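So this one's final_32.cif, mmCIF, C-alpha atoms:
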data_run
loop_
_atom_site.label_atom_id
_atom_site.label_comp_id
_atom_site.auth_asym_id
_atom_site.auth_seq_id
_atom_site.Cartn_x
_atom_site.Cartn_y
_atom_site.Cartn_z
CA MET A 1 1.09 -22.73 -17.63
CA PRO A 2 1.72 -18.95 -17.58
CA ASN A 3 4.89 -17.55 -19.02
CA PRO A 4 7.38 -17.15 -16.13
CA LYS A 5 8.60 -13.87 -17.62
CA LEU A 6 6.51 -11.20 -15.93
CA ALA A 7 4.80 -8.68 -18.20
CA ALA A 8 4.61 -6.00 -15.48
CA PRO A 9 7.02 -7.03 -12.68
CA GLU A 10 6.72 -3.69 -10.86
CA VAL A 11 3.15 -4.61 -9.87
CA ALA A 12 4.39 -7.62 -7.88
CA ALA A 13 5.91 -5.24 -5.31
CA ILE A 14 2.49 -3.88 -4.30
CA GLU A 15 0.90 -5.45 -1.24
CA ILE A 16 -2.70 -4.69 -0.28
CA THR A 17 -3.91 -5.76 3.14
CA GLY A 18 -7.51 -6.36 4.14
CA THR A 19 -10.18 -9.02 3.84
CA THR A 20 -13.06 -7.42 1.93
CA ARG A 21 -14.10 -8.80 -1.46
CA GLN A 22 -13.04 -5.55 -3.12
CA VAL A 23 -9.54 -5.98 -1.69
CA PHE A 24 -9.47 -9.59 -2.89
CA ILE A 25 -10.48 -8.57 -6.41
CA MET A 26 -7.93 -5.75 -6.36
CA ARG A 27 -5.13 -8.13 -5.38
CA SER A 28 -6.18 -10.54 -8.09
CA ALA A 29 -6.46 -7.84 -10.74
CA LEU A 30 -2.98 -6.50 -9.97
CA ALA A 31 -1.60 -10.04 -10.00
CA ALA A 32 -3.14 -10.61 -13.41
CA GLY A 33 -1.44 -7.47 -14.65
CA THR A 34 1.87 -8.67 -13.21
CA VAL A 35 1.90 -11.91 -15.16
CA TYR A 36 -0.03 -11.17 -18.33
CA GLY A 37 0.16 -7.39 -18.70
CA LEU A 38 -2.39 -4.74 -17.89
CA ALA A 39 -4.66 -5.65 -20.80
CA SER A 40 -5.82 -8.58 -18.63
CA VAL A 41 -7.12 -6.40 -15.79
CA GLY A 42 -10.33 -5.06 -17.35
CA PRO A 43 -11.73 -8.43 -18.50
CA PHE A 44 -10.90 -10.00 -15.13
CA VAL A 45 -12.69 -7.29 -13.16
CA SER A 46 -15.75 -7.52 -15.39
CA ARG A 47 -15.98 -11.31 -15.01
CA ALA A 48 -15.32 -11.20 -11.28
CA MET A 49 -18.10 -8.69 -10.73
CA ALA A 50 -20.53 -10.68 -12.87
CA GLN A 51 -19.72 -13.97 -11.15
CA GLU A 52 -20.12 -12.49 -7.67
CA GLY A 53 -23.45 -10.80 -8.31
CA GLY A 54 -22.04 -7.33 -8.85
CA GLY A 55 -24.46 -4.49 -8.40
CA ASP A 56 -23.60 -0.82 -8.75
CA VAL A 57 -22.59 -0.39 -5.11
CA GLU A 58 -20.20 -3.35 -5.34
CA ILE A 59 -18.68 -1.99 -8.53
CA LEU A 60 -18.31 1.48 -7.05
CA ASN A 61 -16.70 0.05 -3.93
CA PHE A 62 -14.19 -1.76 -6.13
CA ALA A 63 -13.49 1.53 -7.92
CA LEU A 64 -13.16 3.23 -4.54
CA THR A 65 -10.55 0.68 -3.45
CA LEU A 66 -8.56 1.43 -6.59
CA GLU A 67 -8.82 5.17 -6.03
CA TYR A 68 -7.68 4.74 -2.40
CA LEU A 69 -4.66 2.86 -3.75
CA GLU A 70 -3.78 5.55 -6.27
CA ALA A 71 -4.32 8.45 -3.88
CA ALA A 72 -2.09 6.77 -1.28
CA TYR A 73 0.58 6.15 -3.89
CA TYR A 74 0.93 9.78 -4.94
CA LYS A 75 0.67 11.07 -1.37
CA GLN A 76 3.50 8.81 -0.27
CA ALA A 77 5.58 9.58 -3.35
CA LEU A 78 5.36 13.32 -2.77
CA ALA A 79 6.53 12.81 0.81
CA GLU A 80 9.32 10.32 0.13
CA THR A 81 10.66 10.73 -3.42
CA LYS A 82 12.89 13.48 -4.79
CA LEU A 83 11.09 14.62 -7.93
CA ALA A 84 11.96 17.15 -10.60
CA SER A 85 9.67 20.18 -10.62
CA GLU A 86 7.68 19.05 -13.67
CA VAL A 87 7.17 15.56 -12.26
CA LYS A 88 6.30 16.88 -8.79
CA SER A 89 3.74 19.26 -10.29
CA LEU A 90 2.06 16.44 -12.19
CA ALA A 91 2.14 14.11 -9.17
CA THR A 92 0.51 16.80 -7.04
CA GLU A 93 -2.23 17.37 -9.60
CA ILE A 94 -2.89 13.65 -9.99
CA GLN A 95 -2.97 13.14 -6.23
CA GLU A 96 -5.59 15.87 -5.93
CA ASN A 97 -7.60 14.24 -8.73
CA GLU A 98 -7.47 10.86 -7.02
CA GLU A 99 -8.62 12.35 -3.71
CA ALA A 100 -11.50 14.01 -5.55
CA HIS A 101 -12.41 10.64 -7.09
CA VAL A 102 -12.39 9.07 -3.62
CA GLU A 103 -14.75 11.71 -2.25
CA ALA A 104 -17.07 11.50 -5.26
CA LEU A 105 -17.31 7.72 -5.05
CA ILE A 106 -17.99 7.80 -1.30
CA VAL A 107 -20.84 10.27 -1.83
CA THR A 108 -22.29 8.24 -4.71
CA ILE A 109 -22.16 4.97 -2.78
CA ARG A 110 -23.95 6.58 0.17
CA ASP A 111 -26.54 8.15 -2.15
CA LEU A 112 -27.28 4.63 -3.42
CA GLY A 113 -27.80 3.43 0.14
CA GLY A 114 -24.50 1.57 0.32
CA GLU A 115 -21.63 1.58 2.78
CA PRO A 116 -18.27 2.77 1.39
CA VAL A 117 -15.38 0.39 2.01
CA LYS A 118 -12.49 1.53 4.17
CA ALA A 119 -9.10 2.33 2.68
CA PRO A 120 -6.91 -0.80 2.51
CA GLY A 121 -3.38 -1.07 3.82
CA VAL A 122 -0.79 -0.89 1.05
CA ASP A 123 2.93 -1.43 0.52
CA PHE A 124 4.48 -0.15 -2.70
CA GLY A 125 7.84 -1.81 -2.23
CA LYS A 126 10.79 0.13 -3.64
CA ALA A 127 8.73 2.38 -5.90
CA PHE A 128 9.86 5.53 -4.09
CA ALA A 129 13.59 4.87 -4.34
CA ASN A 130 13.93 7.38 -7.18
CA GLU A 131 11.96 9.30 -9.78
CA ALA A 132 12.29 6.61 -12.45
CA SER A 133 10.87 3.86 -10.26
CA PHE A 134 8.06 6.17 -9.11
CA LEU A 135 7.06 6.94 -12.70
CA GLU A 136 7.26 3.29 -13.70
CA LEU A 137 4.76 2.14 -11.11
CA ALA A 138 2.64 5.28 -11.55
CA GLN A 139 2.21 4.36 -15.22
CA THR A 140 1.25 0.82 -14.26
CA LEU A 141 -1.33 2.00 -11.72
CA GLU A 142 -2.93 4.47 -14.12
CA ASP A 143 -3.08 1.88 -16.91
CA THR A 144 -4.63 -0.52 -14.42
CA GLY A 145 -7.22 2.09 -13.45
CA VAL A 146 -8.29 2.59 -17.04
CA SER A 147 -8.55 -1.15 -17.67
CA ALA A 148 -10.48 -1.72 -14.44
CA TYR A 149 -13.08 0.95 -15.17
CA ASN A 150 -13.50 -0.29 -18.74
CA GLY A 151 -13.82 -3.86 -17.54
CA ALA A 152 -16.45 -3.05 -14.92
CA ALA A 153 -18.52 -0.69 -17.09
CA PRO A 154 -20.68 -3.36 -18.82
CA ALA A 155 -21.93 -4.56 -15.42
CA ILE A 156 -23.13 -1.10 -14.29
CA GLU A 157 -26.92 -0.89 -14.23
CA SER A 158 -27.56 2.81 -13.62
CA THR A 159 -26.95 5.19 -16.52
CA GLU A 160 -26.08 7.93 -14.01
CA VAL A 161 -23.45 5.74 -12.36
CA LEU A 162 -22.10 4.73 -15.77
CA ALA A 163 -21.77 8.40 -16.72
CA ALA A 164 -19.95 9.14 -13.47
CA ALA A 165 -17.55 6.24 -14.00
CA GLY A 166 -17.00 7.40 -17.57
CA SER A 167 -16.03 10.88 -16.39
CA ILE A 168 -13.45 9.36 -14.01
CA VAL A 169 -11.92 6.90 -16.48
CA GLN A 170 -11.27 9.75 -18.91
CA ILE A 171 -9.16 11.49 -16.29
CA GLU A 172 -7.34 8.26 -15.46
CA ALA A 173 -6.50 7.87 -19.14
CA ARG A 174 -5.12 11.41 -19.26
CA HIS A 175 -3.00 10.65 -16.20
CA ALA A 176 -1.62 7.57 -17.95
CA ALA A 177 -0.84 9.53 -21.11
CA ALA A 178 0.88 12.36 -19.20
CA ILE A 179 3.06 9.89 -17.30
CA ARG A 180 3.99 8.05 -20.48
CA LEU A 181 5.08 11.31 -22.05
CA LEU A 182 7.31 12.06 -19.05
CA ARG A 183 8.90 8.65 -19.62
CA ASP A 184 9.37 9.37 -23.34
CA GLU A 185 6.88 6.65 -24.23
CA ASN A 186 4.01 6.55 -26.70
CA PRO A 187 0.88 7.78 -24.83
CA ALA A 188 -1.38 5.42 -26.84
CA PRO A 189 0.75 2.42 -27.89
CA VAL A 190 -2.13 0.12 -28.92
CA GLY A 191 -5.62 0.60 -30.29
CA PHE A 192 -7.30 -2.20 -28.33
CA ASP A 193 -6.69 -4.29 -25.21
CA GLU A 194 -6.34 -8.05 -25.50
CA ALA A 195 -8.45 -10.35 -23.32
CA LEU A 196 -7.76 -13.63 -21.53
CA SER A 197 -10.11 -16.43 -20.59
CA THR A 198 -11.34 -16.66 -17.00
CA ASP A 199 -9.33 -19.86 -16.44
CA GLU A 200 -6.11 -18.24 -17.69
CA VAL A 201 -6.54 -15.25 -15.42
CA LEU A 202 -7.41 -17.34 -12.36
CA GLU A 203 -4.42 -19.62 -12.96
CA ALA A 204 -2.21 -16.55 -13.03
CA VAL A 205 -3.58 -14.71 -10.03
CA MET A 206 -4.17 -17.40 -7.41
CA PRO A 207 -0.48 -17.80 -6.43
CA PHE A 208 -0.38 -14.10 -5.68
CA VAL A 209 -3.53 -13.85 -3.55
CA LYS A 210 -2.67 -13.40 0.13
CA ALA A 211 -5.08 -13.98 3.01
#

Take the structure I supplied and represent it as structure tokens, if you would.
Amino acid sequence: MPNPKLAAPEVAAIEITGTTRQVFIMRSALAAGTVYGLASVGPFVSRAMAQEGGGDVEILNFALTLEYLEAAYYKQALAETKLASEVKSLATEIQENEEAHVEALIVTIRDLGGEPVKAPGVDFGKAFANEASFLELAQTLEDTGVSAYNGAAPAIESTEVLAAAGSIVQIEARHAAAIRLLRDENPAPVGFDEALSTDEVLEAVMPFVKA
């Protein structure tokens, strides 16, 4: 049984609405991060994509769902949270980056003959109550983004798509480091992510999956 002490409890406040497979995987990935920590997200995404047939368009649509989530988070934070000038400046820059990622992924998916998924509905709970809670969940989302891209990368078939994903994950990692520094935390606390078995991840995420 999973440890009842949540590794990343702030993730549990996020609700994503929708019925597409990308939304389902996103819910499950965030739930895995809630219970076991964000190191679990990358391996789960990689296995989920492989088990469901994957394909570059599917992987890019999953990435697009994540970028929608992040872009919406910063847009809402800038509108609803009182932020110090340094934090507001960084949030604005990250929000612009995330919107650029959304546009780039949409173009790439269409170039591959695919149909980009629509933005999901989201609810970030009490993340915008104050600057500290905003930064806490921002760090979680950016760490999740890095883990998700790393987890999906082995399933990407096209070298061009892999290069594009690599250029995005580098920016996500810089976002994560910048936010950690604002929180007076180590920007690179570990050298490697730990992995969980498929059964462990599924046991953790299924109670959190909502129809």

Discussion item. Report, in Å with one decimal, the straight-line distance from atom CA of Gln95 of chain A to atom CA of Ala77 of chain A.
Written reply: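 Going from atom CA of Gln95 of chain A over to atom CA of Ala77 of chain A covers 9.7 Å.
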
Practice prompt. Using only C-alpha atoms, find the one residue out of A:Glu172, A:Glu157, A:Glu96, A:Glu131 that sits nearest to Ile59 of chain A.
Written response: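 Result for the nearest residue to Ile59 of chain A: A:Glu157.
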
Worksheet item: Given the choices A:Gly55, A:Ile14, A:Tyr74, A:Ile156, which gets closest to Val87 of chain A if the distance is worked out from only C-alpha atoms?
Response: A:Tyr74

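Non-sequential neighbours of Pro9 of chain A (distance at most 8 Å, separation of 3 or more positions within a chain, only C-alpha atoms) are Leu6, Ala12, Ala13, Thr34 and Val35 of chain A.
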
Worksheet entry | Minimum-distance residue to Gly18 of chain A, chosen among A:Ala129, A:Gly121, A:Tyr149, A:Phe62 (using all atoms listed in the file) | A:Gly121

Practice prompt. Up to 12 Å from (1.2, 6.7, 0.6) in the file's coordinates: name the residues, counting all atoms listed in the file, as number ranges by chain.
Written response: A: 14, 68-81, 95, 119-125, 127-128, 134

How about completing segment 97-121 of chain A with N, CA and C atoms and giving it to me as a PDB file, in the coordinates of the input?
ATOM      1  N   ASN A  97      -6.546  14.881  -7.944  1.00  0.00           N
ATOM      2  CA  ASN A  97      -7.600  14.240  -8.730  1.00  0.00           C
ATOM      3  C   ASN A  97      -8.074  12.955  -8.078  1.00  0.00           C
ATOM      4  N   GLU A  98      -7.111  12.147  -7.624  1.00  0.00           N
ATOM      5  CA  GLU A  98      -7.470  10.860  -7.020  1.00  0.00           C
ATOM      6  C   GLU A  98      -8.256  11.057  -5.724  1.00  0.00           C
ATOM      7  N   GLU A  99      -7.869  12.047  -4.934  1.00  0.00           N
ATOM      8  CA  GLU A  99      -8.620  12.350  -3.710  1.00  0.00           C
ATOM      9  C   GLU A  99     -10.040  12.799  -4.050  1.00  0.00           C
ATOM     10  N   ALA A 100     -10.171  13.576  -5.122  1.00  0.00           N
ATOM     11  CA  ALA A 100     -11.500  14.010  -5.550  1.00  0.00           C
ATOM     12  C   ALA A 100     -12.340  12.814  -5.994  1.00  0.00           C
ATOM     13  N   HIS A 101     -11.700  11.853  -6.680  1.00  0.00           N
ATOM     14  CA  HIS A 101     -12.410  10.640  -7.090  1.00  0.00           C
ATOM     15  C   HIS A 101     -12.886   9.863  -5.872  1.00  0.00           C
ATOM     16  N   VAL A 102     -12.019   9.759  -4.856  1.00  0.00           N
ATOM     17  CA  VAL A 102     -12.390   9.070  -3.620  1.00  0.00           C
ATOM     18  C   VAL A 102     -13.636   9.703  -3.007  1.00  0.00           C
ATOM     19  N   GLU A 103     -13.610  11.016  -2.867  1.00  0.00           N
ATOM     20  CA  GLU A 103     -14.750  11.710  -2.250  1.00  0.00           C
ATOM     21  C   GLU A 103     -16.019  11.542  -3.082  1.00  0.00           C
ATOM     22  N   ALA A 104     -15.898  11.633  -4.398  1.00  0.00           N
ATOM     23  CA  ALA A 104     -17.070  11.500  -5.260  1.00  0.00           C
ATOM     24  C   ALA A 104     -17.666  10.099  -5.171  1.00  0.00           C
ATOM     25  N   LEU A 105     -16.820   9.092  -5.132  1.00  0.00           N
ATOM     26  CA  LEU A 105     -17.310   7.720  -5.050  1.00  0.00           C
ATOM     27  C   LEU A 105     -17.965   7.449  -3.700  1.00  0.00           C
ATOM     28  N   ILE A 106     -17.393   7.975  -2.628  1.00  0.00           N
ATOM     29  CA  ILE A 106     -17.990   7.800  -1.300  1.00  0.00           C
ATOM     30  C   ILE A 106     -19.400   8.408  -1.274  1.00  0.00           C
ATOM     31  N   VAL A 107     -19.535   9.615  -1.799  1.00  0.00           N
ATOM     32  CA  VAL A 107     -20.840  10.270  -1.830  1.00  0.00           C
ATOM     33  C   VAL A 107     -21.836   9.467  -2.661  1.00  0.00           C
ATOM     34  N   THR A 108     -21.393   8.990  -3.830  1.00  0.00           N
ATOM     35  CA  THR A 108     -22.290   8.240  -4.710  1.00  0.00           C
ATOM     36  C   THR A 108     -22.742   6.941  -4.074  1.00  0.00           C
ATOM     37  N   ILE A 109     -21.809   6.231  -3.445  1.00  0.00           N
ATOM     38  CA  ILE A 109     -22.160   4.970  -2.780  1.00  0.00           C
ATOM     39  C   ILE A 109     -23.189   5.215  -1.683  1.00  0.00           C
ATOM     40  N   ARG A 110     -22.993   6.258  -0.900  1.00  0.00           N
ATOM     41  CA  ARG A 110     -23.950   6.580   0.170  1.00  0.00           C
ATOM     42  C   ARG A 110     -25.301   6.990  -0.404  1.00  0.00           C
ATOM     43  N   ASP A 111     -25.284   7.743  -1.513  1.00  0.00           N
ATOM     44  CA  ASP A 111     -26.540   8.150  -2.150  1.00  0.00           C
ATOM     45  C   ASP A 111     -27.338   6.937  -2.618  1.00  0.00           C
ATOM     46  N   LEU A 112     -26.622   5.853  -2.973  1.00  0.00           N
ATOM     47  CA  LEU A 112     -27.280   4.630  -3.420  1.00  0.00           C
ATOM     48  C   LEU A 112     -27.687   3.731  -2.256  1.00  0.00           C
ATOM     49  N   GLY A 113     -27.434   4.206  -1.031  1.00  0.00           N
ATOM     50  CA  GLY A 113     -27.800   3.430   0.140  1.00  0.00           C
ATOM     51  C   GLY A 113     -26.762   2.413   0.567  1.00  0.00           C
ATOM     52  N   GLY A 114     -25.558   2.515  -0.007  1.00  0.00           N
ATOM     53  CA  GLY A 114     -24.500   1.570   0.320  1.00  0.00           C
ATOM     54  C   GLY A 114     -23.557   2.090   1.385  1.00  0.00           C
ATOM     55  N   GLU A 115     -22.642   1.236   1.796  1.00  0.00           N
ATOM     56  CA  GLU A 115     -21.630   1.580   2.780  1.00  0.00           C
ATOM     57  C   GLU A 115     -20.260   1.573   2.092  1.00  0.00           C
ATOM     58  N   PRO A 116     -19.593   2.722   2.041  1.00  0.00           N
ATOM     59  CA  PRO A 116     -18.270   2.770   1.390  1.00  0.00           C
ATOM     60  C   PRO A 116     -17.260   1.901   2.131  1.00  0.00           C
ATOM     61  N   VAL A 117     -16.435   1.177   1.395  1.00  0.00           N
ATOM     62  CA  VAL A 117     -15.380   0.390   2.010  1.00  0.00           C
ATOM     63  C   VAL A 117     -14.324   1.304   2.610  1.00  0.00           C
ATOM     64  N   LYS A 118     -13.583   0.779   3.570  1.00  0.00           N
ATOM     65  CA  LYS A 118     -12.490   1.530   4.170  1.00  0.00           C
ATOM     66  C   LYS A 118     -11.247   1.412   3.293  1.00  0.00           C
ATOM     67  N   ALA A 119     -10.349   2.361   3.450  1.00  0.00           N
ATOM     68  CA  ALA A 119      -9.100   2.330   2.680  1.00  0.00           C
ATOM     69  C   ALA A 119      -8.270   1.125   3.110  1.00  0.00           C
ATOM     70  N   PRO A 120      -7.728   0.361   2.161  1.00  0.00           N
ATOM     71  CA  PRO A 120      -6.910  -0.800   2.510  1.00  0.00           C
ATOM     72  C   PRO A 120      -5.500  -0.395   2.897  1.00  0.00           C
ATOM     73  N   GLY A 121      -4.804  -1.280   3.594  1.00  0.00           N
ATOM     74  CA  GLY A 121      -3.380  -1.070   3.820  1.00  0.00           C
ATOM     75  C   GLY A 121      -2.618  -1.394   2.553  1.00  0.00           C
TER      76      GLY A 121
END
